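Participant: This is my_file29.pdb (PDB, C-alpha atoms).
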```pdb
ATOM      1  CA  MET A 134      22.190 -21.098  -5.446
ATOM      2  CA  ILE A 135      19.197 -22.923  -6.920
ATOM      3  CA  LYS A 136      17.488 -22.937  -3.520
ATOM      4  CA  ALA A 137      18.091 -19.182  -3.182
ATOM      5  CA  LEU A 138      16.774 -18.554  -6.696
ATOM      6  CA  ASN A 139      13.645 -20.512  -5.884
ATOM      7  CA  GLU A 140      13.095 -18.408  -2.769
ATOM      8  CA  SER A 141      13.395 -15.176  -4.789
ATOM      9  CA  VAL A 142      10.963 -16.500  -7.387
ATOM     10  CA  ASP A 143       8.485 -17.930  -4.873
ATOM     11  CA  TYR A 144       8.307 -14.575  -3.085
ATOM     12  CA  LEU A 145       7.544 -12.736  -6.328
ATOM     13  CA  ILE A 146       4.943 -15.275  -7.413
ATOM     14  CA  SER A 147       3.266 -14.896  -4.024
ATOM     15  CA  ARG A 148       3.127 -11.139  -4.670
ATOM     16  CA  GLY A 149       1.412 -11.634  -8.041
ATOM     17  CA  PHE A 150       4.262 -11.724 -10.565
ATOM     18  CA  ASP A 151       2.395 -14.078 -12.892
ATOM     19  CA  LYS A 152       4.258 -15.483 -15.924
ATOM     20  CA  PRO A 153       5.798 -12.353 -17.515
ATOM     21  CA  GLU A 154       6.646 -12.744 -21.194
ATOM     22  CA  ILE A 155       9.288 -10.039 -21.522
ATOM     23  CA  GLY A 156      11.914  -8.700 -19.136
ATOM     24  CA  ILE A 157      13.155  -5.095 -19.313
ATOM     25  CA  ILE A 158      16.172  -3.560 -17.550
ATOM     26  CA  LEU A 159      16.194   0.233 -17.311
ATOM     27  CA  GLY A 160      19.533   2.017 -17.024
ATOM     28  CA  THR A 161      20.705   5.301 -15.524
ATOM     29  CA  GLY A 162      18.178   8.100 -16.014
ATOM     30  CA  LEU A 163      15.880   5.792 -17.963
ATOM     31  CA  GLY A 164      12.797   5.279 -15.838
ATOM     32  CA  GLN A 165      10.033   7.023 -17.782
ATOM     33  CA  LEU A 166       8.917   3.769 -19.415
ATOM     34  CA  ILE A 167       7.196   2.883 -16.149
ATOM     35  CA  SER A 168       4.525   5.502 -16.857
ATOM     36  CA  GLU A 169       3.582   3.541 -20.008
ATOM     37  CA  ILE A 170       2.946   0.323 -18.075
ATOM     38  CA  GLU A 171      -0.330  -0.780 -16.511
ATOM     39  CA  VAL A 172       1.291  -1.685 -13.214
ATOM     40  CA  GLU A 173      -0.262  -4.611 -11.355
ATOM     41  CA  VAL A 174       2.271  -5.084  -8.571
ATOM     42  CA  GLU A 175       5.725  -3.932  -7.566
ATOM     43  CA  ALA A 176       8.317  -5.217  -5.124
ATOM     44  CA  SER A 177      11.174  -3.286  -3.547
ATOM     45  CA  TYR A 178      14.499  -4.983  -4.095
ATOM     46  CA  ASN A 179      15.236  -5.012  -0.374
ATOM     47  CA  HIS A 180      12.094  -7.095   0.224
ATOM     48  CA  ILE A 181      12.952  -9.813  -2.304
ATOM     49  CA  PRO A 182      14.939 -12.681  -0.769
ATOM     50  CA  TYR A 183      18.587 -12.739  -1.922
ATOM     51  CA  PHE A 184      18.118  -9.702  -4.181
ATOM     52  CA  PRO A 185      20.872  -7.071  -4.102
ATOM     53  CA  THR A 186      19.843  -3.533  -3.119
ATOM     54  CA  ALA A 187      20.514  -0.567  -5.411
ATOM     55  CA  THR A 188      23.023   1.742  -3.717
ATOM     56  CA  VAL A 189      23.316   4.393  -6.434
ATOM     57  CA  GLU A 190      21.269   7.400  -5.404
ATOM     58  CA  PHE A 191      19.784   8.048  -8.855
ATOM     59  CA  HIS A 192      18.672   4.435  -9.347
ATOM     60  CA  LYS A 193      15.262   3.302  -8.171
ATOM     61  CA  GLY A 194      15.052  -0.059  -6.473
ATOM     62  CA  LYS A 195      11.889  -1.772  -7.627
ATOM     63  CA  LEU A 196      10.858  -4.766  -9.667
ATOM     64  CA  ILE A 197       7.608  -3.987 -11.468
ATOM     65  CA  PHE A 198       5.062  -6.325 -13.058
ATOM     66  CA  GLY A 199       2.321  -5.245 -15.405
ATOM     67  CA  THR A 200       1.125  -4.924 -18.992
ATOM     68  CA  LEU A 201       2.854  -3.040 -21.809
ATOM     69  CA  GLU A 202       1.385  -3.052 -25.303
ATOM     70  CA  GLY A 203      -0.715  -6.101 -24.438
ATOM     71  CA  LYS A 204       2.212  -8.131 -23.094
ATOM     72  CA  LYS A 205       2.988  -9.100 -19.519
ATOM     73  CA  VAL A 206       6.333  -7.560 -18.578
ATOM     74  CA  VAL A 207       8.639  -7.540 -15.576
ATOM     75  CA  VAL A 208      10.756  -4.405 -15.346
ATOM     76  CA  MET A 209      13.833  -3.560 -13.319
ATOM     77  CA  GLN A 210      13.550   0.080 -12.318
ATOM     78  CA  GLY A 211      17.193   0.460 -11.414
ATOM     79  CA  ARG A 212      19.991  -2.043 -11.930
ATOM     80  CA  PHE A 213      23.093  -3.188 -10.079
ATOM     81  CA  HIS A 214      26.724  -2.547 -10.949
ATOM     82  CA  HIS A 215      30.007  -4.273 -10.219
ATOM     83  CA  TYR A 216      31.387  -0.933  -8.972
ATOM     84  CA  GLU A 217      28.869  -0.929  -6.112
ATOM     85  CA  GLY A 218      30.838  -3.769  -4.563
ATOM     86  CA  TYR A 219      28.589  -6.518  -5.866
ATOM     87  CA  THR A 220      29.936  -9.621  -7.547
ATOM     88  CA  LEU A 221      29.036 -10.189 -11.177
ATOM     89  CA  ARG A 222      26.859 -13.061  -9.968
ATOM     90  CA  ASP A 223      24.962 -10.567  -7.765
ATOM     91  CA  VAL A 224      24.630  -8.105 -10.638
ATOM     92  CA  THR A 225      22.988 -10.734 -12.847
ATOM     93  CA  TRP A 226      20.822 -12.352 -10.185
ATOM     94  CA  PRO A 227      17.663 -10.566 -11.447
ATOM     95  CA  VAL A 228      18.131 -12.011 -14.957
ATOM     96  CA  ARG A 229      18.143 -15.521 -13.526
ATOM     97  CA  VAL A 230      15.072 -14.704 -11.437
ATOM     98  CA  MET A 231      13.215 -13.243 -14.445
ATOM     99  CA  LYS A 232      14.005 -16.370 -16.453
ATOM    100  CA  ARG A 233      12.486 -18.566 -13.742
ATOM    101  CA  LEU A 234       9.438 -16.296 -13.644
ATOM    102  CA  GLY A 235       8.930 -17.131 -17.307
ATOM    103  CA  ILE A 236      10.370 -14.404 -19.564
ATOM    104  CA  LYS A 237      11.052 -15.390 -23.156
ATOM    105  CA  ARG A 238      12.805 -12.167 -24.252
ATOM    106  CA  LEU A 239      14.919  -9.480 -22.603
ATOM    107  CA  LEU A 240      15.360  -5.794 -23.470
ATOM    108  CA  VAL A 241      18.159  -3.784 -21.850
ATOM    109  CA  SER A 242      18.967  -0.079 -21.797
ATOM    110  CA  ASN A 243      21.880   1.965 -20.536
ATOM    111  CA  ALA A 244      23.432   5.412 -20.599
ATOM    112  CA  SER A 245      26.845   5.536 -22.256
ATOM    113  CA  GLY A 246      29.528   7.837 -23.593
ATOM    114  CA  SER A 247      30.403   7.830 -27.256
ATOM    115  CA  ILE A 248      33.834   6.702 -28.427
ATOM    116  CA  ASN A 249      32.764   6.943 -32.059
ATOM    117  CA  LEU A 250      32.521  10.718 -32.370
ATOM    118  CA  ASP A 251      29.997  10.421 -35.195
ATOM    119  CA  TYR A 252      27.565   9.381 -32.448
ATOM    120  CA  LYS A 253      26.284  12.491 -30.673
ATOM    121  CA  LYS A 254      24.730  13.242 -27.302
ATOM    122  CA  GLY A 255      21.017  12.508 -27.281
ATOM    123  CA  GLU A 256      21.224   9.825 -29.962
ATOM    124  CA  LEU A 257      20.651   6.098 -29.508
ATOM    125  CA  MET A 258      22.949   3.202 -30.324
ATOM    126  CA  LEU A 259      21.721  -0.332 -30.927
ATOM    127  CA  ILE A 260      24.347  -2.652 -29.489
ATOM    128  CA  ASP A 261      25.548  -5.164 -32.065
ATOM    129  CA  ASP A 262      28.496  -6.552 -30.095
ATOM    130  CA  HIS A 263      30.452  -5.804 -26.949
ATOM    131  CA  LEU A 264      33.790  -5.791 -25.148
ATOM    132  CA  ASN A 265      33.857  -7.204 -21.627
ATOM    133  CA  LEU A 266      36.498  -5.106 -19.833
ATOM    134  CA  LEU A 267      35.111  -5.683 -16.343
ATOM    135  CA  GLY A 268      37.858  -8.087 -15.392
ATOM    136  CA  GLY A 269      35.579 -11.052 -14.754
ATOM    137  CA  SER A 270      32.608 -13.116 -15.870
ATOM    138  CA  PRO A 271      29.217 -13.753 -14.235
ATOM    139  CA  LEU A 272      29.671 -17.390 -15.242
ATOM    140  CA  ALA A 273      32.966 -17.892 -13.403
ATOM    141  CA  PHE A 274      31.777 -19.720 -10.325
ATOM    142  CA  HIS A 275      31.606 -23.290  -9.065
ATOM    143  CA  GLY A 276      28.428 -25.070 -10.106
ATOM    144  CA  VAL A 277      27.494 -22.798 -13.008
ATOM    145  CA  GLU A 278      26.979 -25.861 -15.203
ATOM    146  CA  ARG A 279      23.886 -26.706 -13.117
ATOM    147  CA  LEU A 280      22.254 -23.558 -14.479
ATOM    148  CA  GLY A 281      23.295 -23.799 -18.112
ATOM    149  CA  GLU A 282      26.172 -24.546 -20.469
ATOM    150  CA  ARG A 283      29.441 -23.360 -18.900
ATOM    151  CA  PHE A 284      31.155 -22.534 -22.196
ATOM    152  CA  VAL A 285      28.539 -20.234 -23.705
ATOM    153  CA  ASP A 286      28.872 -19.358 -27.373
ATOM    154  CA  MET A 287      29.018 -15.566 -27.799
ATOM    155  CA  SER A 288      29.417 -15.312 -31.562
ATOM    156  CA  GLN A 289      26.047 -13.505 -31.767
ATOM    157  CA  PRO A 290      25.197 -12.270 -28.262
ATOM    158  CA  TYR A 291      22.463  -9.879 -29.410
ATOM    159  CA  ASP A 292      19.375 -11.349 -31.054
ATOM    160  CA  VAL A 293      19.359 -10.781 -34.807
ATOM    161  CA  GLU A 294      15.569 -10.869 -35.099
ATOM    162  CA  MET A 295      14.926  -8.332 -32.346
ATOM    163  CA  ASN A 296      17.731  -6.060 -33.526
ATOM    164  CA  ALA A 297      16.269  -6.045 -37.035
ATOM    165  CA  LEU A 298      12.859  -5.204 -35.578
ATOM    166  CA  ILE A 299      14.347  -2.312 -33.590
ATOM    167  CA  GLU A 300      16.096  -0.956 -36.710
ATOM    168  CA  LYS A 301      12.881  -1.232 -38.726
ATOM    169  CA  THR A 302      10.949   0.600 -36.010
ATOM    170  CA  ALA A 303      13.548   3.369 -35.805
ATOM    171  CA  LYS A 304      13.316   3.909 -39.543
ATOM    172  CA  LYS A 305       9.513   3.990 -39.408
ATOM    173  CA  HIS A 306       9.523   6.659 -36.663
ATOM    174  CA  ASN A 307      12.463   8.640 -38.094
ATOM    175  CA  ILE A 308      14.562   7.984 -35.003
ATOM    176  CA  LYS A 309      18.331   8.316 -35.417
ATOM    177  CA  LEU A 310      19.650   4.898 -34.433
ATOM    178  CA  ASN A 311      23.352   4.225 -34.582
ATOM    179  CA  LYS A 312      24.702   0.699 -34.361
ATOM    180  CA  GLY A 313      27.934  -0.413 -32.777
ATOM    181  CA  VAL A 314      30.129  -2.025 -30.158
ATOM    182  CA  TYR A 315      29.616  -1.305 -26.442
ATOM    183  CA  ALA A 316      32.547  -1.556 -24.030
ATOM    184  CA  ALA A 317      31.800  -2.310 -20.383
ATOM    185  CA  VAL A 318      34.362  -0.970 -17.902
ATOM    186  CA  LEU A 319      34.391  -1.223 -14.126
ATOM    187  CA  GLY A 320      34.147   2.449 -13.109
ATOM    188  CA  PRO A 321      32.794   4.236 -11.184
ATOM    189  CA  GLN A 322      35.300   6.873 -12.271
ATOM    190  CA  LEU A 323      34.866   8.157 -15.801
ATOM    191  CA  GLU A 324      37.503   7.584 -18.459
ATOM    192  CA  THR A 325      40.792   9.419 -18.927
ATOM    193  CA  ARG A 326      41.921  10.773 -22.283
ATOM    194  CA  ALA A 327      44.291   7.827 -22.673
ATOM    195  CA  GLU A 328      41.509   5.374 -21.859
ATOM    196  CA  TYR A 329      39.235   6.903 -24.503
ATOM    197  CA  ARG A 330      42.042   6.509 -27.049
ATOM    198  CA  MET A 331      42.558   2.899 -25.960
ATOM    199  CA  LEU A 332      38.845   2.091 -26.291
ATOM    200  CA  LYS A 333      38.789   3.527 -29.803
ATOM    201  CA  ILE A 334      41.764   1.357 -30.786
ATOM    202  CA  LEU A 335      39.970  -1.684 -29.354
ATOM    203  CA  GLY A 336      36.978  -1.013 -31.587
ATOM    204  CA  ALA A 337      34.433   0.388 -29.125
ATOM    205  CA  ASP A 338      31.776   2.834 -30.286
ATOM    206  CA  ALA A 339      30.416   3.562 -26.798
ATOM    207  CA  VAL A 340      31.446   2.909 -23.213
ATOM    208  CA  GLY A 341      29.543   2.324 -19.990
ATOM    209  CA  MET A 342      29.631   0.408 -16.713
ATOM    210  CA  SER A 343      26.835  -2.130 -17.112
ATOM    211  CA  THR A 344      24.843  -4.337 -19.499
ATOM    212  CA  VAL A 345      27.499  -6.855 -20.563
ATOM    213  CA  PRO A 346      27.088  -9.104 -17.482
ATOM    214  CA  GLU A 347      23.333  -9.271 -18.050
ATOM    215  CA  ILE A 348      23.864 -10.065 -21.739
ATOM    216  CA  ILE A 349      26.265 -12.889 -20.900
ATOM    217  CA  VAL A 350      23.794 -14.456 -18.470
ATOM    218  CA  ALA A 351      20.905 -14.009 -20.911
ATOM    219  CA  ASN A 352      22.923 -16.023 -23.424
ATOM    220  CA  HIS A 353      23.757 -18.561 -20.718
ATOM    221  CA  LEU A 354      20.016 -18.977 -20.125
ATOM    222  CA  GLU A 355      19.225 -18.916 -23.877
ATOM    223  CA  ILE A 356      17.089 -15.773 -23.598
ATOM    224  CA  PRO A 357      17.054 -13.711 -26.823
ATOM    225  CA  VAL A 358      18.234 -10.233 -25.844
ATOM    226  CA  SER A 359      18.663  -6.777 -27.370
ATOM    227  CA  ALA A 360      20.144  -3.641 -25.851
ATOM    228  CA  ILE A 361      20.105   0.081 -26.591
ATOM    229  CA  SER A 362      22.555   2.695 -25.348
ATOM    230  CA  VAL A 363      21.479   6.290 -24.889
ATOM    231  CA  ILE A 364      24.490   8.455 -25.711
ATOM    232  CA  THR A 365      24.768  10.957 -22.862
ATOM    233  CA  ASP A 366      28.286  12.361 -23.338
ATOM    234  CA  GLU A 367      31.085  12.350 -25.896
ATOM    235  CA  GLY A 368      34.568  11.018 -25.182
ATOM    236  CA  ASP A 369      36.745  13.112 -27.460
ATOM    237  CA  PRO A 370      40.233  12.760 -25.952
ATOM    238  CA  ASP A 371      41.523  15.809 -27.820
ATOM    239  CA  ASN A 372      38.752  18.051 -26.500
ATOM    240  CA  LEU A 373      37.721  16.345 -23.290
ATOM    241  CA  GLU A 374      35.566  18.394 -20.968
ATOM    242  CA  PRO A 375      34.620  17.566 -17.372
ATOM    243  CA  VAL A 376      31.374  15.588 -17.100
ATOM    244  CA  LYS A 377      28.929  15.758 -14.217
ATOM    245  CA  VAL A 378      26.701  12.794 -13.404
ATOM    246  CA  GLU A 379      23.758  15.221 -13.223
ATOM    247  CA  ASP A 380      24.366  16.177 -16.864
ATOM    248  CA  ILE A 381      24.467  12.512 -17.889
ATOM    249  CA  ILE A 382      21.143  11.853 -16.188
ATOM    250  CA  ALA A 383      19.565  14.954 -17.736
ATOM    251  CA  MET A 384      20.678  13.932 -21.227
ATOM    252  CA  ALA A 385      19.398  10.376 -20.691
ATOM    253  CA  GLU A 386      15.993  11.710 -19.668
ATOM    254  CA  LYS A 387      15.920  14.011 -22.697
ATOM    255  CA  ALA A 388      16.674  11.198 -25.137
ATOM    256  CA  GLU A 389      14.567   8.548 -23.434
ATOM    257  CA  PRO A 390      11.287   9.135 -25.340
ATOM    258  CA  ASP A 391      12.877   7.734 -28.521
ATOM    259  CA  MET A 392      14.026   4.646 -26.635
ATOM    260  CA  ILE A 393      10.540   4.200 -25.177
ATOM    261  CA  THR A 394       9.065   4.364 -28.685
ATOM    262  CA  LEU A 395      11.405   1.603 -29.821
ATOM    263  CA  PHE A 396      10.844  -0.625 -26.790
ATOM    264  CA  LYS A 397       7.045  -0.255 -26.938
ATOM    265  CA  SER A 398       6.951  -1.086 -30.627
ATOM    266  CA  VAL A 399       9.193  -4.128 -30.204
ATOM    267  CA  VAL A 400       7.144  -5.417 -27.251
ATOM    268  CA  LYS A 401       3.966  -5.007 -29.291
ATOM    269  CA  SER A 402       5.446  -6.871 -32.271
ATOM    270  CA  LEU A 403       6.966  -9.818 -30.402
TER     271      LEU A 403
END
```
As a first step, turn the structure in this file into structure tokens.

Facilitator:
Amino acid sequence: MIKALNESVDYLISRGFDKPEIGIILGTGLGQLISEIEVEVEASYNHIPYFPTATVEFHKGKLIFGTLEGKKVVVMQGRFHHYEGYTLRDVTWPVRVMKRLGIKRLLVSNASGSINLDYKKGELMLIDDHLNLLGGSPLAFHGVERLGERFVDMSQPYDVEMNALIEKTAKKHNIKLNKGVYAAVLGPQLETRAEYRMLKILGADAVGMSTVPEIIVANHLEIPVSAISVITDEGDPDNLEPVKVEDIIAMAEKAEPDMITLFKSVVKSL
């Protein structure tokens, strides 16, 4: 695995990915941040050795390097999911690559459905904690101890300093920012009424199909990380309406400018 990681990293360095300070993972429908970056070079996932390839039609498949608010950043325009048939080790491969490229911080975004019905479509939620309901761990493989501590402490998986900075920025810009627990489920099917009720009992405020594996590996690699969910639909089991993926994407795109404001401000302040 280390040899494969080195090959991924060496390829990107040869392309000009030069010591990024901050890594950013963009979720479903959340690609507008790219227009704010002074792009220096980009690499298609299918050209990077050992990189998975995005199979979801509404996800781009590029790793981008450039400058955002005076900082060198490496950005995933499109992520990978367990439901695509990838292992959790595959899904988190880019985080390990970004660490070896040099990132010191990681920002993650996703689109999610609200379980807490006080959180409405188009609002943002700062993730304070999470539930891993994916049925596995990206650290559950032979030899993981060669890459970091096997038994990773997860008492505070999201960086307190960066989360406080995000909350301060939201207040400054009058952006409605909820705060809560994100549940990661396998998917790709959306939740049933009974599953929404279960998630509420478990303490989730929002649900999605990503993010948690990347957070676990970031903690494994000791990378401070923060994550924001864009609420794209509401999971009210007593009034559940059919949801189309197109509607989720449209809502994510509508709400994304607030997320971009927060990410840009945090990058500038770090």

Participant: Skipping near chain neighbours, those fewer than 3 positions away, what residues fall within 6 Å of segment 242-246 of chain A using only C-alpha atoms, listed as a PyMOL selection string?

Facilitator: chain A and resi 159-161+339-341+360-367

Participant: Residues of the last selection are to be written out with C-alpha atoms, as a tab-separated table (two decimals), in the frame of the given file.

Facilitator:
```
chain	number	residue	atom	x	y	z
A	159	LEU	CA	16.19	0.23	-17.31
A	160	GLY	CA	19.53	2.02	-17.02
A	161	THR	CA	20.70	5.30	-15.52
A	339	ALA	CA	30.42	3.56	-26.80
A	340	VAL	CA	31.45	2.91	-23.21
A	341	GLY	CA	29.54	2.32	-19.99
A	360	ALA	CA	20.14	-3.64	-25.85
A	361	ILE	CA	20.10	0.08	-26.59
A	362	SER	CA	22.56	2.70	-25.35
A	363	VAL	CA	21.48	6.29	-24.89
A	364	ILE	CA	24.49	8.46	-25.71
A	365	THR	CA	24.77	10.96	-22.86
A	366	ASP	CA	28.29	12.36	-23.34
A	367	GLU	CA	31.08	12.35	-25.90
```

Participant: Once the PyMOL selection byres ((chain A and resi 182) around 7) has been evaluated on this model, what residues remain selected, and can you format them as a list in words?

Facilitator: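 This file gives the following for the PyMOL selection byres ((chain A and resi 182) around 7): Glu140, Ser141, His180, Ile181, Tyr183 and Phe184 of chain A.
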
Participant: Using all atoms listed in the file, can you list as a list in words the residues within 9 Å of (32.0, 7.4, -31.2)?

Facilitator: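 Here the neighbourhood of the point contains Gly246, Ser247, Ile248, Asn249, Leu250, Asp251, Tyr252, Lys253, Gly313, Lys333, Ala337, Asp338, Ala339, Glu367, Gly368 and Asp369 of chain A.
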
Participant: Here's the selection I'm unsure about, the PyMOL selection byres ((chain A and resi 236) around 9); applied to the file above, which residues does it give, as a PyMOL selection string?

Facilitator: chain A and resi 152-156+206-207+231-235+237-239+356

Participant: What is the atom CA of Glu374 of chain A-atom CA of Leu323 of chain A distance in Å, reported with one decimal?

Facilitator: 11.5 Å

Participant: The PyMOL selection byres ((chain A and resi 199) around 8) on the file shown: which residues, as JSON, numbers by chain?

Facilitator: {"A": [170, 171, 172, 173, 174, 197, 198, 200, 201, 205, 206, 207]}

Participant: If we count all atoms listed in the file, what is near segment 222-226 of chain A at a cut-off of 9 Å, once residues fewer than 6 positions away on the same chain are taken out, given as a list in words?

Facilitator: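 The contact residues come out as Leu138, Tyr183, Phe184, Pro185, Arg212, Phe213, His214, His215, Ser270, Pro271, Leu272, Ala273, Phe274, Pro346, Glu347, Ile348, Ile349, Val350 and Ala351 of chain A.
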
Participant: State, in Å with one decimal place, the distance from atom CA of Val345 of chain A to atom CA of Leu257 of chain A.

Facilitator: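 For atom CA of Val345 of chain A relative to atom CA of Leu257 of chain A, the distance reads 17.2 Å.
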
Participant: With only C-alpha atoms as the basis for distance, which of A:Leu280, A:Val228, A:Val241, A:Leu267 is at the shortest distance from Met134 of chain A?

Facilitator: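 The answer is A:Leu280, which sits nearest to Met134 of chain A.
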
Participant: How far is it from atom CA of Gly162 of chain A to atom CA of Glu328 of chain A, in Å with one decimal?

Facilitator: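 Pair atom CA of Gly162 of chain A / atom CA of Glu328 of chain A returns 24.2 Å.
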